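Asker: Got a structure for you, coords_3.cif, holding mmCIF, C-alpha atoms, pLDDT in the B column; chains and numbers go by the auth columns.
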```cif
data_target
loop_
_atom_site.group_PDB
_atom_site.id
_atom_site.type_symbol
_atom_site.label_atom_id
_atom_site.label_comp_id
_atom_site.label_asym_id
_atom_site.label_seq_id
_atom_site.Cartn_x
_atom_site.Cartn_y
_atom_site.Cartn_z
_atom_site.B_iso_or_equiv
_atom_site.auth_seq_id
_atom_site.auth_asym_id
ATOM 1 C CA MET A 1 114.758 115.255 95.376 57.00 29 A
ATOM 2 C CA ASN A 2 118.015 114.333 93.700 69.00 30 A
ATOM 3 C CA GLU A 3 118.880 113.243 90.162 78.00 31 A
ATOM 4 C CA SER A 4 118.957 109.550 91.198 83.00 32 A
ATOM 5 C CA MET A 5 115.315 109.638 92.326 92.00 33 A
ATOM 6 C CA LYS A 6 112.666 108.769 89.725 95.00 34 A
ATOM 7 C CA VAL A 7 109.096 110.032 89.747 96.00 35 A
ATOM 8 C CA PHE A 8 106.877 107.274 88.421 97.00 36 A
ATOM 9 C CA THR A 9 103.477 107.888 86.846 96.00 37 A
ATOM 10 C CA GLY A 10 100.775 105.710 85.361 95.00 38 A
ATOM 11 C CA GLU A 11 102.093 106.704 81.936 97.00 39 A
ATOM 12 C CA THR A 12 105.710 105.751 82.673 96.00 40 A
ATOM 13 C CA TRP A 13 105.045 102.708 84.865 97.00 41 A
ATOM 14 C CA GLU A 14 105.538 100.006 82.221 96.00 42 A
ATOM 15 C CA ALA A 15 108.825 101.427 80.922 96.00 43 A
ATOM 16 C CA GLU A 16 110.364 102.735 84.170 96.00 44 A
ATOM 17 C CA VAL A 17 109.331 100.003 86.606 97.00 45 A
ATOM 18 C CA LEU A 18 108.165 96.833 84.873 96.00 46 A
ATOM 19 C CA GLY A 19 110.572 97.098 81.946 95.00 47 A
ATOM 20 C CA VAL A 20 113.721 97.860 83.945 91.00 48 A
ATOM 21 C CA GLU A 21 116.473 95.298 84.369 89.00 49 A
ATOM 22 C CA GLY A 22 117.418 94.839 88.003 90.00 50 A
ATOM 23 C CA PRO A 23 115.555 95.739 91.173 94.00 51 A
ATOM 24 C CA VAL A 24 113.250 98.763 91.362 96.00 52 A
ATOM 25 C CA LEU A 25 112.183 100.217 94.723 97.00 53 A
ATOM 26 C CA VAL A 26 108.883 102.113 94.548 97.00 54 A
ATOM 27 C CA ASP A 27 107.681 104.347 97.377 98.00 55 A
ATOM 28 C CA PHE A 28 103.872 104.643 97.160 98.00 56 A
ATOM 29 C CA TRP A 29 103.091 107.904 98.950 98.00 57 A
ATOM 30 C CA ALA A 30 100.802 110.961 99.194 97.00 58 A
ATOM 31 C CA SER A 31 101.579 114.553 100.126 96.00 59 A
ATOM 32 C CA TRP A 32 98.968 114.630 102.923 97.00 60 A
ATOM 33 C CA CYS A 33 100.477 111.577 104.681 97.00 61 A
ATOM 34 C CA PRO A 34 102.766 112.496 107.651 97.00 62 A
ATOM 35 C CA PRO A 35 104.633 109.136 107.691 96.00 63 A
ATOM 36 C CA CYS A 36 105.188 109.515 103.919 96.00 64 A
ATOM 37 C CA ARG A 37 106.709 112.966 104.459 95.00 65 A
ATOM 38 C CA LYS A 38 108.904 111.534 107.226 95.00 66 A
ATOM 39 C CA LEU A 39 110.136 108.714 104.963 96.00 67 A
ATOM 40 C CA SER A 40 110.709 110.892 101.891 94.00 68 A
ATOM 41 C CA PRO A 41 114.214 112.202 102.761 95.00 69 A
ATOM 42 C CA LEU A 42 115.361 108.658 103.545 95.00 70 A
ATOM 43 C CA VAL A 43 114.077 107.329 100.211 95.00 71 A
ATOM 44 C CA ASP A 44 115.939 110.208 98.560 95.00 72 A
ATOM 45 C CA GLU A 45 119.145 109.136 100.357 94.00 73 A
ATOM 46 C CA LEU A 46 118.618 105.525 99.307 94.00 74 A
ATOM 47 C CA ALA A 47 118.277 106.617 95.676 94.00 75 A
ATOM 48 C CA ARG A 48 121.737 108.211 95.871 94.00 76 A
ATOM 49 C CA GLU A 49 123.315 105.448 97.929 93.00 77 A
ATOM 50 C CA TYR A 50 122.016 102.554 95.820 93.00 78 A
ATOM 51 C CA ALA A 51 122.426 104.261 92.431 91.00 79 A
ATOM 52 C CA GLY A 52 123.630 101.703 89.901 89.00 80 A
ATOM 53 C CA ARG A 53 122.312 98.853 92.040 91.00 81 A
ATOM 54 C CA VAL A 54 118.645 99.663 92.578 93.00 82 A
ATOM 55 C CA THR A 55 116.371 102.030 90.665 95.00 83 A
ATOM 56 C CA VAL A 56 114.536 104.089 93.290 96.00 84 A
ATOM 57 C CA GLY A 57 111.457 106.203 92.747 96.00 85 A
ATOM 58 C CA LYS A 58 108.140 107.426 94.066 97.00 86 A
ATOM 59 C CA LEU A 59 104.554 107.145 92.901 98.00 87 A
ATOM 60 C CA ASP A 60 101.926 109.593 94.183 98.00 88 A
ATOM 61 C CA VAL A 61 98.864 107.427 94.909 98.00 89 A
ATOM 62 C CA ASP A 62 96.516 110.409 94.607 97.00 90 A
ATOM 63 C CA GLY A 63 97.840 111.339 91.179 97.00 91 A
ATOM 64 C CA HIS A 64 97.956 107.745 89.909 97.00 92 A
ATOM 65 C CA PRO A 65 95.372 105.719 91.853 97.00 93 A
ATOM 66 C CA GLU A 66 95.083 103.115 89.095 97.00 94 A
ATOM 67 C CA VAL A 67 98.626 101.917 89.815 97.00 95 A
ATOM 68 C CA ALA A 68 98.023 101.806 93.578 97.00 96 A
ATOM 69 C CA VAL A 69 94.825 99.787 93.044 97.00 97 A
ATOM 70 C CA ARG A 70 96.623 97.424 90.668 96.00 98 A
ATOM 71 C CA TYR A 71 99.044 96.459 93.458 97.00 99 A
ATOM 72 C CA GLY A 72 96.522 96.467 96.312 96.00 100 A
ATOM 73 C CA ILE A 73 98.042 99.448 98.094 97.00 101 A
ATOM 74 C CA THR A 74 95.756 100.184 101.062 95.00 102 A
ATOM 75 C CA SER A 75 98.299 101.710 103.475 96.00 103 A
ATOM 76 C CA ILE A 76 100.960 104.306 102.800 97.00 104 A
ATOM 77 C CA PRO A 77 103.811 104.640 102.758 97.00 105 A
ATOM 78 C CA SER A 78 104.205 101.279 101.071 98.00 106 A
ATOM 79 C CA LEU A 79 107.536 100.245 99.621 97.00 107 A
ATOM 80 C CA LEU A 80 107.526 97.582 96.913 97.00 108 A
ATOM 81 C CA VAL A 81 110.549 96.086 95.197 96.00 109 A
ATOM 82 C CA PHE A 82 110.042 94.860 91.636 96.00 110 A
ATOM 83 C CA ARG A 83 112.328 92.569 89.672 94.00 111 A
ATOM 84 C CA ASP A 84 111.577 91.515 86.101 91.00 112 A
ATOM 85 C CA GLY A 85 108.175 93.189 86.321 93.00 113 A
ATOM 86 C CA GLN A 86 107.095 91.272 89.435 95.00 114 A
ATOM 87 C CA VAL A 87 106.766 92.335 93.072 96.00 115 A
ATOM 88 C CA VAL A 88 109.437 90.461 95.030 95.00 116 A
ATOM 89 C CA ALA A 89 109.188 92.242 98.396 95.00 117 A
ATOM 90 C CA GLN A 90 107.025 94.746 100.261 96.00 118 A
ATOM 91 C CA ARG A 91 107.243 96.809 103.433 96.00 119 A
ATOM 92 C CA ILE A 92 104.641 99.148 104.903 96.00 120 A
ATOM 93 C CA GLY A 93 105.296 102.208 107.048 95.00 121 A
ATOM 94 C CA ALA A 94 108.039 104.715 107.722 93.00 122 A
ATOM 95 C CA LEU A 95 110.745 102.221 108.634 93.00 123 A
ATOM 96 C CA PRO A 96 114.120 103.154 110.151 94.00 124 A
ATOM 97 C CA ARG A 97 117.102 103.632 107.859 94.00 125 A
ATOM 98 C CA GLU A 98 118.973 100.602 109.214 95.00 126 A
ATOM 99 C CA GLU A 99 116.034 98.299 108.527 94.00 127 A
ATOM 100 C CA LEU A 100 115.531 99.611 104.994 94.00 128 A
ATOM 101 C CA CYS A 101 119.230 99.298 104.175 94.00 129 A
ATOM 102 C CA ARG A 102 119.370 95.754 105.551 94.00 130 A
ATOM 103 C CA TRP A 103 116.256 94.886 103.513 94.00 131 A
ATOM 104 C CA LEU A 104 117.711 96.304 100.282 93.00 132 A
ATOM 105 C CA ASP A 105 121.067 94.618 100.921 93.00 133 A
ATOM 106 C CA GLU A 106 119.297 91.256 101.310 91.00 134 A
ATOM 107 C CA LEU A 107 117.488 91.836 98.016 88.00 135 A
ATOM 108 C CA THR A 108 120.669 92.875 96.174 83.00 136 A
ATOM 109 C CA PRO A 109 123.426 90.687 97.681 65.00 137 A
ATOM 110 C CA ALA A 110 125.699 90.712 94.624 57.00 138 A
ATOM 111 C CA ALA A 111 127.284 94.036 95.505 49.00 139 A
ATOM 112 C CA THR A 112 128.135 95.941 98.637 45.00 140 A
ATOM 113 C CA THR A 113 127.385 99.551 99.402 43.00 141 A
ATOM 114 C CA ALA A 114 130.582 101.389 100.284 43.00 142 A
ATOM 115 C CA ALA A 115 128.791 104.636 101.185 44.00 143 A
ATOM 116 C CA ARG A 116 127.684 103.369 104.623 43.00 144 A
#
```
What would the structure in this file look like if it were written as structure tokens?
Answerer:
Amino acid sequence: MNESMKVFTGETWEAEVLGVEGPVLVDFWASWCPPCRKLSPLVDELAREYAGRVTVGKLDVDGHPEVAVRYGITSIPSLLVFRDGQVVAQRIGALPREELCRWLDELTPAATTAAR
């Protein structure tokens, strides 16, 4: 994991996700989940690539099940984007990089990502 990637917990959820200005991408995952492990390096890349545009982090559903239940997470990996404390978009599964980048670009059209 890099310095741009956040690790969200039930204790930090309000401040680091719901209280953040701008979009927040949350990867709901678990260590025993093969698709989650496959997606993890890509989410790490997105955290670096979208730094300053999108806050990116992960929440371990086993360690913080109350947050997963709160948002109806029944399949992992689940990616939710929050803005102003509300879910504005959701994707389920280990999606390809191109699809995730296109999705994030649609959700944050004000700026372009020069890294790609």
Asker: With distances taken over all atoms listed in the file, which of A:Arg98, A:Arg111, A:Lys34, A:Arg130 is nearest to Val71 (chain A)?
Answerer: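 Using all atoms listed in the file, the shortest distance to Val71 (chain A) belongs to A:Lys34.
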Asker: Just checking: using only C-alpha atoms, which residue out of A:Val82, A:Ala75, A:Ile101, A:Leu87 ends up closest to Ile120 (chain A)?
Answerer: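 Closest to Ile120 (chain A) of all the choices is A:Ile101.
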Asker: Would you work out the distance separating CA of Leu123 (chain A) from CA of Phe36 (chain A), expressed in Å to one decimal?
Answerer: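 Result for CA of Leu123 (chain A) versus CA of Phe36 (chain A): 21.2 Å, one decimal.
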Asker: Can you list, as a list in words, the residues that the PyMOL selection byres ((chain A and resi 32) around 6) selects here?
Answerer: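 Applying the expression gives Asn30, Glu31, Met33, Ala75 and Arg76 of chain A.
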Asker: Within 12 Å of Val35 (chain A), counting all atoms listed in the file, which residues qualify if same-chain residues fewer than 5 places away don't, as a list in words?
Answerer: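 Listing them by chain and then by number gives Met29, Asn30, Thr40, Trp41, Glu44, Val45, Leu53, Val54, Asp55, Phe56, Trp57, Val71, Asp72, Ala75, Thr83, Val84, Gly85, Lys86, Leu87, Asp88, Val89, Gly91 and His92 of chain A.
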Asker: List the neighbours of Phe110 (chain A) out to 9 Å using all atoms listed in the file; skip same-chain residues closer than 2 positions along the sequence, and give me the result as an MDAnalysis selection string.
Answerer: chainID A and resid 45:46 50:54 108 112:117
Asker: Please save C-alpha atoms of the selected residues as a CSV table (one decimal), keeping the file's coordinate frame.
Answerer:
```csv
chain,number,residue,atom,x,y,z
A,45,VAL,CA,109.3,100.0,86.6
A,46,LEU,CA,108.2,96.8,84.9
A,50,GLY,CA,117.4,94.8,88.0
A,51,PRO,CA,115.6,95.7,91.2
A,52,VAL,CA,113.2,98.8,91.4
A,53,LEU,CA,112.2,100.2,94.7
A,54,VAL,CA,108.9,102.1,94.5
A,108,LEU,CA,107.5,97.6,96.9
A,112,ASP,CA,111.6,91.5,86.1
A,113,GLY,CA,108.2,93.2,86.3
A,114,GLN,CA,107.1,91.3,89.4
A,115,VAL,CA,106.8,92.3,93.1
A,116,VAL,CA,109.4,90.5,95.0
A,117,ALA,CA,109.2,92.2,98.4
```
